[in-house]
Protein chains: 2
Amino acid sequence: MKVAKFGGTSLANAEQLRKVCRLIQADSKRRIIVVSAPGKRYKDDMKVTDMLIAYGQHREEGRNGEELLGLIVDRYANIARDLGLDQSQIVRITDAIEQIRILEPDENLRWRDALKAVGEDTSARLFAELLNNNGVQAAYVNPMDAGLLVEGTCGDARILPGTMDILAKLSNREERLVIPGFFGYTPEGRIVTFSRGGSDITGAIIAAAVGAEVYENFTDVDSVLSVNPSIIPDAAPIRELTYREMRELSYAGFTVYHEEALLPAFRAGIPVWIRNTNNPAAEGTRIVAERPSSDGVVAGIASAGGFCSIYVTKYLMNREIGFGRRLLQILEENRIPYEHTPTGIDNMSIIVRESVLGEGTLERVIQRIKQELDVDDIRVVHRLALIMVVGEGMLSSVGAAARAAQSLAEAGINIQMINQGCSEVSLMFGIREEDEKRAVAHLYEAFFREAKVAISR
Amino acid sequence: MKVAKFGGTSLANAEQLRKVCRLIQADSKRRIIVVSAPGKRYKDDMKVTDMLIAYGQHREEGRNGEELLGLIVDRYANIARDLGLDQSQIVRITDAIEQIRILEPDENLRWRDALKAVGEDTSARLFAELLNNNGVQAAYVNPMDAGLLVEGTCGDARILPGTMDILAKLSNREERLVIPGFFGYTPEGRIVTFSRGGSDITGAIIAAAVGAEVYENFTDVDSVLSVNPSIIPDAAPIRELTYREMRELSYAGFTVYHEEALLPAFRAGIPVWIRNTNNPAAEGTRIVAERPSSDGVVAGIASAGGFCSIYVTKYLMNREIGFGRRLLQILEENRIPYEHTPTGIDNMSIIVRESVLGEGTLERVIQRIKQELDVDDIRVVHRLALIMVVGEGMLSSVGAAARAAQSLAEAGINIQMINQGCSEVSLMFGIREEDEKRAVAHLYEAFFREAKVAISR
């Protein structure tokens, strides 16, 4: 059996929903369907989830929000009408939406979870009706009924132990099941959402639980690209990549698929197939456990700016047991996650995202490092970009690092940092932000346009 | 004024001591002389310090050790006689040695410090007599009288605050001062030694304290070489290198100069001049704060085997604040110093010297990491070598990393790790031990034999 998840653009209007319906009809193995809330129909359109958030703000500010609620109801009612659903079906759907009037803002703003969940929930109700109208026996299944039990705070749901075993029973149902993505329930019956875009996570959890042969993730792109197309307009598509490669790429800007949604698939060994609802004939991108090494050393090149390096030097640092741990502890106590820690014999650089540094945080951290670690020097380098050259083949390839460094040298780009550990599938370069696009372009040239034979033995 | 330190081979016999005497006579600025214990005269000879250690073992085992003591006394007495010292001078020297009979083994084995110090102390007494015999007004100065106050345990002396100010007064003395290296005194009068080879440290501390214009470190080699001569027989000498470069090189096998002895010179900005007692006309190697960048991007290439990598992977590791700190804490609690920690997005490698891992330590650490950090995978790669390509020019050079990686690729050597942080003067490669010599040879070829113009802009 297959689990198929459809993103917001696949559910944006009646025409899109008809495509999804045809996809379900075309393959009897697509037994479990996970849906998002309707997304944008055109560039400046509003996503349903954003409309729900706006409604919530109105209510929290003491306004009634009836106007916004009307727009949300209309959005679904129009889709339902366009799809030819009958009046009783439309009423069932809109009645469910209007239940949000009953929700009351609470101090902890937990009500927002229940509010935001309405987008996906209504999509699932609507799509189940559509399938039945088209002769496909289908049932809407609420995540509570499915047994998707979670804990955690708003936008950070984590599944509870035992959940997978309960969800596994979904595979016994004979009709197609349409399940809203994005949220689960606590054992007490409170809705908790995953992080934004979390329908990918619901789909991955269910695919893992039922042991699906594949988790199809339908989006609006033909495939994951090997490099940012705003830098390389004719970027090559990626046909297949491993979980590890996808994870490394997602780190620096590859946002097609939610990074948290890889874990359940990875743990259960379920292949993830990124596909296009609007072009189901396209090959898409498969994310798998292993891929043949013949397909090139490098799978993709990702990059991101906005990093800084905190460089600390202290004579005989490498003799001082506990130095690195104490340095990291100061960061931890200031709630600063770090990315990399390249080290020399007497120095250590800590690479952090500038965005995680609140007002005055850096100054506080530097002050503590100076006071507590008696360092010789501490320096901060701002405006760094990290470039990740990612590929399973990097592990066994002689010369991949050379080729990468050479292409940066030819572009006249000074490498600030290099980082590659044992058994890693990526090579990281730190460079100045202003060199980022040029660096990516040159690396792409080196790994994707020139003959690949020269770099593997 | 200059501080001159002479190593063991410079004091091994009368002929060597005459050379040292001539060096002092040749330059009136050489006002403070720090001496080691007599070293080897020929390949299978025994160093005086090793004889003293053997004597100590005899005594600890309840034997009287008179035979060994006789050999030690004879060693100095023969040198003194060969140098033409008169009987009263010889008696003064040998009487001082025989004081070690009074020392009693104690439970904490602290007596070993006092025992080992006798080698340097006697050298200093003997050389002061020689200088006076040759018309150079000189005084033996005991480290206690000089004010070299330390704390710490056997072989790990650390100077006490205020010591530098007391030592600074040595510059007021008019005669030449001959001071034994290797040890200081606690305020209670107990002798504590520096780590083995620690006469370099004494010299550096005194040079820093008196603000010497240069700290001359006389050895038995013409200069520091840019690469291990057992790999490259005609290795180029290094004329000048910075403290940072020397430090990085000393990390992986460059043992000409004691690494702890760089710190006092570095802090005080005193240039260190490595010279050859047997060939004072040779240029030697100067260790300085800054050097002209025109002298090549790379100063030297060092390598060492005997490392292993503990590779840990955990999905979404980079989101988990405190992961790295907790991992390092487990190492710290097992007293394992680590060398480098290259990281990927979901993984971290910890590079440690195999030699620091006691029986069962690795298993214990792995067990704790598994239990406490809930990692997905943990793997150990043994028999790694680290190669350091060191040079101030690495910082500003476009293409140095490319050239280095390219030369390894041409040799068919797979790079296991790469590490270079911001502001670092070295580039580290991790490779398999069996590739070490070939890697060094190829890197040397790339940086020292080919035209240098291509790699710097």
# chains A, B, ... in the order shown; residues from 1 in each chain; ligands from 1
call {"tool": "residues_around", "arguments": {"residues": "segment 102-110 of chain B", "least_positions_apart": "5", "cutoff": "9 Å", "atoms": "only C-alpha atoms", "output": "JSON, numbers by chain"}}
result
{"B": [56, 59, 60, 115, 153, 154, 190, 191, 192]}
call {"tool": "interface_residues", "arguments": {"of": "chain B", "to": "chain A", "cutoff": "7 Å", "atoms": "only C-alpha atoms", "output": "NGL selection string"}}
result
:B and (248 or 263 or 311 or 315 or 318 or 321-322 or 325 or 328-329 or 332 or 337 or 339-345 or 349 or 396-399 or 401-402 or 405-406 or 409 or 412-414 or 416-422 or 424)
call {"tool": "select_by_dssp", "arguments": {"residues": "segment 253-447 of chain B", "states": "alpha helix (DSSP H)", "output": "ChimeraX atom specification"}}
result
/B:262-268,323-333,361-373,400-410,436-444
call {"tool": "write_last_selection", "arguments": {"atoms": "C-alpha atoms", "output": "mmCIF file, in the first residue's frame"}}
result
data_model
loop_
_atom_site.group_PDB
_atom_site.id
_atom_site.type_symbol
_atom_site.label_atom_id
_atom_site.label_comp_id
_atom_site.auth_asym_id
_atom_site.auth_seq_id
_atom_site.Cartn_x
_atom_site.Cartn_y
_atom_site.Cartn_z
ATOM 1 C CA LEU B 262 56.874 28.770 23.334
ATOM 2 C CA LEU B 263 54.262 30.323 25.602
ATOM 3 C CA PRO B 264 56.461 32.597 27.771
ATOM 4 C CA ALA B 265 58.348 33.810 24.687
ATOM 5 C CA PHE B 266 55.085 34.338 22.789
ATOM 6 C CA ARG B 267 53.459 36.265 25.631
ATOM 7 C CA ALA B 268 56.495 38.531 26.052
ATOM 8 C CA PHE B 323 24.233 17.680 22.402
ATOM 9 C CA GLY B 324 27.854 18.530 21.624
ATOM 10 C CA ARG B 325 28.461 19.760 25.144
ATOM 11 C CA ARG B 326 27.123 16.538 26.660
ATOM 12 C CA LEU B 327 29.204 14.434 24.288
ATOM 13 C CA LEU B 328 32.357 16.334 25.243
ATOM 14 C CA GLN B 329 31.415 16.037 28.908
ATOM 15 C CA ILE B 330 31.424 12.247 28.669
ATOM 16 C CA LEU B 331 34.938 12.446 27.254
ATOM 17 C CA GLU B 332 36.008 14.879 29.943
ATOM 18 C CA GLU B 333 34.673 12.653 32.712
ATOM 19 C CA THR B 361 38.097 3.327 28.024
ATOM 20 C CA LEU B 362 36.715 3.430 24.504
ATOM 21 C CA GLU B 363 34.125 0.766 25.292
ATOM 22 C CA ARG B 364 33.036 2.649 28.419
ATOM 23 C CA VAL B 365 32.733 5.929 26.535
ATOM 24 C CA ILE B 366 30.775 4.337 23.693
ATOM 25 C CA GLN B 367 28.449 2.685 26.187
ATOM 26 C CA ARG B 368 27.738 5.989 27.910
ATOM 27 C CA ILE B 369 27.203 7.856 24.626
ATOM 28 C CA LYS B 370 24.713 5.204 23.541
ATOM 29 C CA GLN B 371 22.864 5.260 26.857
ATOM 30 C CA GLU B 372 22.808 8.980 27.524
ATOM 31 C CA LEU B 373 22.565 10.564 24.096
ATOM 32 C CA ALA B 400 46.147 26.766 -1.003
ATOM 33 C CA ALA B 401 43.455 24.301 0.055
ATOM 34 C CA ALA B 402 42.856 23.369 -3.564
ATOM 35 C CA ARG B 403 46.524 22.751 -4.158
ATOM 36 C CA ALA B 404 46.786 20.608 -1.039
ATOM 37 C CA ALA B 405 43.698 18.546 -1.829
ATOM 38 C CA GLN B 406 44.765 18.215 -5.447
ATOM 39 C CA SER B 407 48.144 16.795 -4.508
ATOM 40 C CA LEU B 408 46.467 14.163 -2.335
ATOM 41 C CA ALA B 409 44.070 13.327 -5.153
ATOM 42 C CA GLU B 410 46.960 12.883 -7.572
ATOM 43 C CA GLU B 436 50.786 9.109 5.709
ATOM 44 C CA LYS B 437 54.267 9.145 4.177
ATOM 45 C CA ARG B 438 53.009 9.267 0.615
ATOM 46 C CA ALA B 439 50.667 12.131 1.494
ATOM 47 C CA VAL B 440 53.423 14.173 3.104
ATOM 48 C CA ALA B 441 55.725 13.565 0.145
ATOM 49 C CA HIS B 442 53.088 14.733 -2.333
ATOM 50 C CA LEU B 443 52.174 17.800 -0.303
ATOM 51 C CA TYR B 444 55.835 18.723 0.004
#
call {"tool": "select_by_dssp", "arguments": {"residues": "segment 58-272 of chain A", "states": "strand (DSSP E or B)", "output": "PDB file with N, CA and C atoms, in the first residue's frame"}}
result
ATOM      1  N   ALA A 138     -14.644   6.088   0.449  1.00  0.00           N
ATOM      2  CA  ALA A 138     -13.633   6.776   1.252  1.00  0.00           C
ATOM      3  C   ALA A 138     -14.228   7.276   2.550  1.00  0.00           C
ATOM      4  N   ALA A 139     -13.344   7.391   3.587  1.00  0.00           N
ATOM      5  CA  ALA A 139     -13.804   7.916   4.872  1.00  0.00           C
ATOM      6  C   ALA A 139     -12.835   8.964   5.377  1.00  0.00           C
ATOM      7  N   TYR A 140     -13.413  10.058   5.879  1.00  0.00           N
ATOM      8  CA  TYR A 140     -12.607  11.033   6.609  1.00  0.00           C
ATOM      9  C   TYR A 140     -12.253  10.407   7.949  1.00  0.00           C
ATOM     10  N   LEU A 149      -1.439  10.210  18.646  1.00  0.00           N
ATOM     11  CA  LEU A 149      -1.294  10.845  19.955  1.00  0.00           C
ATOM     12  C   LEU A 149       0.050  11.538  20.088  1.00  0.00           C
ATOM     13  N   VAL A 150      -0.016  12.786  20.578  1.00  0.00           N
ATOM     14  CA  VAL A 150       1.195  13.605  20.676  1.00  0.00           C
ATOM     15  C   VAL A 150       1.292  14.277  22.037  1.00  0.00           C
ATOM     16  N   GLU A 151       2.468  14.869  22.255  1.00  0.00           N
ATOM     17  CA  GLU A 151       2.652  15.748  23.405  1.00  0.00           C
ATOM     18  C   GLU A 151       3.370  16.987  22.875  1.00  0.00           C
ATOM     19  N   ARG A 158       5.172  16.257  19.349  1.00  0.00           N
ATOM     20  CA  ARG A 158       6.049  15.071  19.247  1.00  0.00           C
ATOM     21  C   ARG A 158       5.171  13.845  19.499  1.00  0.00           C
ATOM     22  N   ILE A 159       5.305  12.811  18.691  1.00  0.00           N
ATOM     23  CA  ILE A 159       4.414  11.677  18.874  1.00  0.00           C
ATOM     24  C   ILE A 159       4.756  10.904  20.140  1.00  0.00           C
ATOM     25  N   ARG A 176     -10.748   3.893   1.270  1.00  0.00           N
ATOM     26  CA  ARG A 176      -9.640   4.858   1.289  1.00  0.00           C
ATOM     27  C   ARG A 176      -9.839   5.752   2.512  1.00  0.00           C
ATOM     28  N   LEU A 177      -8.750   6.105   3.134  1.00  0.00           N
ATOM     29  CA  LEU A 177      -8.834   6.957   4.329  1.00  0.00           C
ATOM     30  C   LEU A 177      -8.248   8.336   4.011  1.00  0.00           C
ATOM     31  N   VAL A 178      -8.996   9.365   4.339  1.00  0.00           N
ATOM     32  CA  VAL A 178      -8.497  10.730   4.124  1.00  0.00           C
ATOM     33  C   VAL A 178      -8.260  11.363   5.492  1.00  0.00           C
ATOM     34  N   ILE A 179      -7.011  11.679   5.760  1.00  0.00           N
ATOM     35  CA  ILE A 179      -6.617  12.130   7.100  1.00  0.00           C
ATOM     36  C   ILE A 179      -6.022  13.533   7.012  1.00  0.00           C
ATOM     37  N   PRO A 180      -6.495  14.462   7.829  1.00  0.00           N
ATOM     38  CA  PRO A 180      -5.874  15.790   7.817  1.00  0.00           C
ATOM     39  C   PRO A 180      -4.446  15.738   8.363  1.00  0.00           C
ATOM     40  N   PHE A 183      -1.583  17.971  12.508  1.00  0.00           N
ATOM     41  CA  PHE A 183      -1.859  17.980  13.952  1.00  0.00           C
ATOM     42  C   PHE A 183      -2.189  16.587  14.494  1.00  0.00           C
ATOM     43  N   GLY A 184      -2.039  16.465  15.811  1.00  0.00           N
ATOM     44  CA  GLY A 184      -2.434  15.270  16.527  1.00  0.00           C
ATOM     45  C   GLY A 184      -3.151  15.684  17.802  1.00  0.00           C
ATOM     46  N   TYR A 185      -3.473  14.717  18.639  1.00  0.00           N
ATOM     47  CA  TYR A 185      -4.181  15.003  19.886  1.00  0.00           C
ATOM     48  C   TYR A 185      -3.373  14.495  21.076  1.00  0.00           C
ATOM     49  N   ILE A 191      -5.788  19.465  20.847  1.00  0.00           N
ATOM     50  CA  ILE A 191      -5.075  19.449  19.571  1.00  0.00           C
ATOM     51  C   ILE A 191      -3.712  20.123  19.721  1.00  0.00           C
ATOM     52  N   VAL A 192      -2.655  19.494  19.181  1.00  0.00           N
ATOM     53  CA  VAL A 192      -1.331  20.123  19.125  1.00  0.00           C
ATOM     54  C   VAL A 192      -0.819  19.998  17.687  1.00  0.00           C
ATOM     55  N   THR A 193      -0.352  21.120  17.133  1.00  0.00           N
ATOM     56  CA  THR A 193       0.129  21.098  15.740  1.00  0.00           C
ATOM     57  C   THR A 193       1.627  20.799  15.667  1.00  0.00           C
ATOM     58  N   VAL A 214       5.742   2.937  -0.282  1.00  0.00           N
ATOM     59  CA  VAL A 214       6.306   4.234  -0.628  1.00  0.00           C
ATOM     60  C   VAL A 214       5.447   5.332  -0.015  1.00  0.00           C
ATOM     61  N   TYR A 215       6.077   6.428   0.309  1.00  0.00           N
ATOM     62  CA  TYR A 215       5.353   7.606   0.789  1.00  0.00           C
ATOM     63  C   TYR A 215       5.436   8.647  -0.316  1.00  0.00           C
ATOM     64  N   GLU A 216       4.303   8.829  -1.013  1.00  0.00           N
ATOM     65  CA  GLU A 216       4.294   9.797  -2.117  1.00  0.00           C
ATOM     66  C   GLU A 216       3.964  11.183  -1.574  1.00  0.00           C
ATOM     67  N   ASN A 217       4.831  12.106  -1.846  1.00  0.00           N
ATOM     68  CA  ASN A 217       4.653  13.459  -1.344  1.00  0.00           C
ATOM     69  C   ASN A 217       4.404  14.371  -2.539  1.00  0.00           C
ATOM     70  N   PHE A 218       3.099  14.653  -2.792  1.00  0.00           N
ATOM     71  CA  PHE A 218       2.744  15.433  -3.984  1.00  0.00           C
ATOM     72  C   PHE A 218       2.832  16.927  -3.716  1.00  0.00           C
ATOM     73  N   THR A 219       3.608  17.603  -4.562  1.00  0.00           N
ATOM     74  CA  THR A 219       3.833  19.045  -4.421  1.00  0.00           C
ATOM     75  C   THR A 219       3.514  19.710  -5.756  1.00  0.00           C
ATOM     76  N   LEU A 225      15.792  20.023  -7.071  1.00  0.00           N
ATOM     77  CA  LEU A 225      16.870  20.412  -7.984  1.00  0.00           C
ATOM     78  C   LEU A 225      18.226  20.318  -7.283  1.00  0.00           C
ATOM     79  N   PRO A 237      17.688  18.312 -12.359  1.00  0.00           N
ATOM     80  CA  PRO A 237      16.841  17.678 -11.343  1.00  0.00           C
ATOM     81  C   PRO A 237      17.599  16.531 -10.676  1.00  0.00           C
ATOM     82  N   GLU A 240      17.283  10.692  -7.621  1.00  0.00           N
ATOM     83  CA  GLU A 240      17.322   9.845  -6.438  1.00  0.00           C
ATOM     84  C   GLU A 240      18.363  10.393  -5.480  1.00  0.00           C
ATOM     85  N   LEU A 241      18.039  10.458  -4.238  1.00  0.00           N
ATOM     86  CA  LEU A 241      19.069  10.814  -3.257  1.00  0.00           C
ATOM     87  C   LEU A 241      18.764  10.116  -1.936  1.00  0.00           C
ATOM     88  N   THR A 242      19.790   9.989  -1.119  1.00  0.00           N
ATOM     89  CA  THR A 242      19.598   9.254   0.140  1.00  0.00           C
ATOM     90  C   THR A 242      19.052  10.193   1.214  1.00  0.00           C
ATOM     91  N   VAL A 272      10.700   7.921   0.166  1.00  0.00           N
ATOM     92  CA  VAL A 272       9.856   9.103  -0.005  1.00  0.00           C
ATOM     93  C   VAL A 272       9.968   9.515  -1.468  1.00  0.00           C
TER      94      VAL A 272
END
call {"tool": "atom_distance", "arguments": {"atom1": "atom CA of Gly305 of chain A", "atom2": "atom CA of Lys43 of chain A"}}
result
25.8 Å
call {"tool": "atom_distance", "arguments": {"atom1": "atom CA of Glu120 of chain A", "atom2": "atom CA of Phe182 of chain A"}}
result
7.1 Å
call {"tool": "residues_around", "arguments": {"residues": "Leu130 of chain B", "least_positions_apart": "3", "cutoff": "12 Å", "atoms": "only C-alpha atoms", "output": "ChimeraX atom specification"}}
result
/B:14,17-22,24-25,79-86,89-90,93,123-127,133-140,176,178
call {"tool": "write_last_selection", "arguments": {"atoms": "N, CA and C atoms", "output": "compact mmCIF listing (two decimals), in the first residue's frame"}}
result
# COMPACT_ATOMS: atom_id res chain seq x y z
N ALA B 14 83.52 17.12 27.38
CA ALA B 14 84.38 18.30 27.51
C ALA B 14 84.46 19.08 26.20
N LEU B 17 81.43 21.18 25.81
CA LEU B 17 81.42 22.29 26.76
C LEU B 17 82.38 23.40 26.34
N ARG B 18 83.49 22.99 25.71
CA ARG B 18 84.42 24.02 25.22
C ARG B 18 83.78 24.87 24.14
N LYS B 19 82.97 24.21 23.29
CA LYS B 19 82.25 24.96 22.25
C LYS B 19 81.30 25.98 22.88
N VAL B 20 80.61 25.50 23.92
CA VAL B 20 79.65 26.39 24.58
C VAL B 20 80.39 27.57 25.21
N CYS B 21 81.52 27.27 25.82
CA CYS B 21 82.33 28.30 26.45
C CYS B 21 82.75 29.36 25.43
N ARG B 22 83.17 28.87 24.26
CA ARG B 22 83.59 29.82 23.21
C ARG B 22 82.41 30.69 22.77
N ILE B 24 79.93 31.66 24.58
CA ILE B 24 79.67 32.69 25.60
C ILE B 24 80.73 33.79 25.51
N GLN B 25 81.99 33.36 25.31
CA GLN B 25 83.07 34.34 25.20
C GLN B 25 82.89 35.24 23.98
N ILE B 79 84.38 14.72 32.81
CA ILE B 79 84.25 15.94 32.01
C ILE B 79 85.09 17.05 32.64
N ALA B 80 84.96 17.19 33.98
CA ALA B 80 85.67 18.26 34.68
C ALA B 80 87.19 18.12 34.51
N ARG B 81 87.66 16.89 34.62
CA ARG B 81 89.10 16.64 34.47
C ARG B 81 89.53 16.97 33.05
N ASP B 82 88.75 16.47 32.06
CA ASP B 82 89.09 16.75 30.66
C ASP B 82 89.13 18.25 30.38
N LEU B 83 88.31 19.01 31.14
CA LEU B 83 88.27 20.47 30.92
C LEU B 83 89.37 21.18 31.70
N GLY B 84 90.16 20.39 32.49
CA GLY B 84 91.28 20.98 33.22
C GLY B 84 90.87 21.69 34.50
N LEU B 85 89.67 21.37 35.03
CA LEU B 85 89.28 21.96 36.32
C LEU B 85 90.20 21.40 37.40
N ASP B 86 90.48 22.20 38.44
CA ASP B 86 91.38 21.69 39.47
C ASP B 86 90.62 20.85 40.49
N GLN B 89 87.78 22.24 42.57
CA GLN B 89 86.56 22.46 41.77
C GLN B 89 85.81 21.15 41.57
N ILE B 90 86.59 20.10 41.24
CA ILE B 90 85.97 18.79 41.00
C ILE B 90 85.28 18.29 42.25
N ILE B 93 82.00 19.91 42.84
CA ILE B 93 80.97 19.39 41.94
C ILE B 93 80.48 18.01 42.38
N SER B 123 75.37 20.32 35.95
CA SER B 123 75.83 20.95 34.71
C SER B 123 76.11 22.43 34.93
N ALA B 124 75.18 23.08 35.62
CA ALA B 124 75.32 24.53 35.82
C ALA B 124 76.52 24.84 36.71
N ARG B 125 76.69 24.07 37.79
CA ARG B 125 77.85 24.27 38.68
C ARG B 125 79.15 24.11 37.90
N LEU B 126 79.20 23.03 37.09
CA LEU B 126 80.40 22.71 36.34
C LEU B 126 80.71 23.81 35.31
N PHE B 127 79.66 24.25 34.61
CA PHE B 127 79.91 25.22 33.55
C PHE B 127 80.32 26.59 34.11
N ASN B 133 87.30 29.74 34.96
CA ASN B 133 88.64 29.30 34.58
C ASN B 133 89.08 29.96 33.28
N ASN B 134 88.12 30.28 32.41
CA ASN B 134 88.45 30.87 31.12
C ASN B 134 88.34 32.39 31.12
N GLY B 135 88.36 32.94 32.32
CA GLY B 135 88.42 34.39 32.40
C GLY B 135 87.10 35.10 32.25
N VAL B 136 86.00 34.32 32.25
CA VAL B 136 84.69 34.96 32.18
C VAL B 136 84.08 34.92 33.58
N GLN B 137 83.85 36.11 34.15
CA GLN B 137 83.30 36.15 35.50
C GLN B 137 81.88 35.59 35.48
N ALA B 138 81.68 34.49 36.22
CA ALA B 138 80.40 33.80 36.14
C ALA B 138 79.99 33.27 37.49
N ALA B 139 78.66 33.15 37.71
CA ALA B 139 78.16 32.58 38.96
C ALA B 139 77.08 31.54 38.68
N TYR B 140 77.17 30.43 39.38
CA TYR B 140 76.08 29.47 39.36
C TYR B 140 74.94 30.07 40.17
N ARG B 176 78.22 36.80 34.41
CA ARG B 176 77.36 35.88 33.66
C ARG B 176 76.71 34.95 34.68
N VAL B 178 74.85 31.32 35.37
CA VAL B 178 74.58 29.98 34.82
C VAL B 178 73.50 29.33 35.68
call {"tool": "atom_distance", "arguments": {"atom1": "atom CA of Ile274 of chain B", "atom2": "atom CA of Arg31 of chain B"}}
result
17.5 Å
call {"tool": "decode", "arguments": {"residues": "segment 422-433 of chain B", "atoms": "N, CA, C and O atoms", "output": "PDB file, in the first residue's frame"}}
result
ATOM      1  N   CYS B 422      38.079  29.559  10.842  1.00  0.00           N
ATOM      2  CA  CYS B 422      38.363  30.959  10.554  1.00  0.00           C
ATOM      3  C   CYS B 422      39.680  31.356  11.223  1.00  0.00           C
ATOM      4  O   CYS B 422      39.959  30.932  12.327  1.00  0.00           O
ATOM      5  N   SER B 423      40.452  32.195  10.576  1.00  0.00           N
ATOM      6  CA  SER B 423      41.662  32.773  11.156  1.00  0.00           C
ATOM      7  C   SER B 423      42.728  31.734  11.484  1.00  0.00           C
ATOM      8  O   SER B 423      43.624  31.990  12.259  1.00  0.00           O
ATOM      9  N   GLU B 424      42.615  30.544  10.911  1.00  0.00           N
ATOM     10  CA  GLU B 424      43.606  29.525  11.238  1.00  0.00           C
ATOM     11  C   GLU B 424      44.773  29.538  10.266  1.00  0.00           C
ATOM     12  O   GLU B 424      44.600  29.833   9.093  1.00  0.00           O
ATOM     13  N   VAL B 425      45.948  29.181  10.780  1.00  0.00           N
ATOM     14  CA  VAL B 425      47.129  29.142   9.933  1.00  0.00           C
ATOM     15  C   VAL B 425      47.443  27.719   9.501  1.00  0.00           C
ATOM     16  O   VAL B 425      48.510  27.455   8.976  1.00  0.00           O
ATOM     17  N   SER B 426      46.526  26.800   9.740  1.00  0.00           N
ATOM     18  CA  SER B 426      46.802  25.440   9.304  1.00  0.00           C
ATOM     19  C   SER B 426      45.573  24.811   8.687  1.00  0.00           C
ATOM     20  O   SER B 426      44.443  25.204   8.958  1.00  0.00           O
ATOM     21  N   LEU B 427      45.845  23.862   7.850  1.00  0.00           N
ATOM     22  CA  LEU B 427      44.804  23.092   7.201  1.00  0.00           C
ATOM     23  C   LEU B 427      45.088  21.653   7.599  1.00  0.00           C
ATOM     24  O   LEU B 427      46.211  21.179   7.447  1.00  0.00           O
ATOM     25  N   MET B 428      44.092  20.989   8.169  1.00  0.00           N
ATOM     26  CA  MET B 428      44.309  19.622   8.622  1.00  0.00           C
ATOM     27  C   MET B 428      43.603  18.619   7.733  1.00  0.00           C
ATOM     28  O   MET B 428      42.443  18.821   7.373  1.00  0.00           O
ATOM     29  N   PHE B 429      44.311  17.578   7.377  1.00  0.00           N
ATOM     30  CA  PHE B 429      43.689  16.464   6.673  1.00  0.00           C
ATOM     31  C   PHE B 429      43.777  15.223   7.545  1.00  0.00           C
ATOM     32  O   PHE B 429      44.806  14.979   8.171  1.00  0.00           O
ATOM     33  N   GLY B 430      42.718  14.457   7.579  1.00  0.00           N
ATOM     34  CA  GLY B 430      42.783  13.146   8.201  1.00  0.00           C
ATOM     35  C   GLY B 430      42.806  12.109   7.095  1.00  0.00           C
ATOM     36  O   GLY B 430      41.998  12.173   6.169  1.00  0.00           O
ATOM     37  N   ILE B 431      43.735  11.188   7.171  1.00  0.00           N
ATOM     38  CA  ILE B 431      43.844  10.133   6.156  1.00  0.00           C
ATOM     39  C   ILE B 431      44.146   8.814   6.862  1.00  0.00           C
ATOM     40  O   ILE B 431      44.345   8.787   8.077  1.00  0.00           O
ATOM     41  N   ARG B 432      44.187   7.744   6.111  1.00  0.00           N
ATOM     42  CA  ARG B 432      44.561   6.464   6.708  1.00  0.00           C
ATOM     43  C   ARG B 432      46.057   6.445   7.002  1.00  0.00           C
ATOM     44  O   ARG B 432      46.853   7.011   6.240  1.00  0.00           O
ATOM     45  N   GLU B 433      46.425   5.794   8.089  1.00  0.00           N
ATOM     46  CA  GLU B 433      47.839   5.784   8.495  1.00  0.00           C
ATOM     47  C   GLU B 433      48.769   5.302   7.384  1.00  0.00           C
ATOM     48  O   GLU B 433      49.863   5.824   7.211  1.00  0.00           O
TER      49      GLU B 433
END
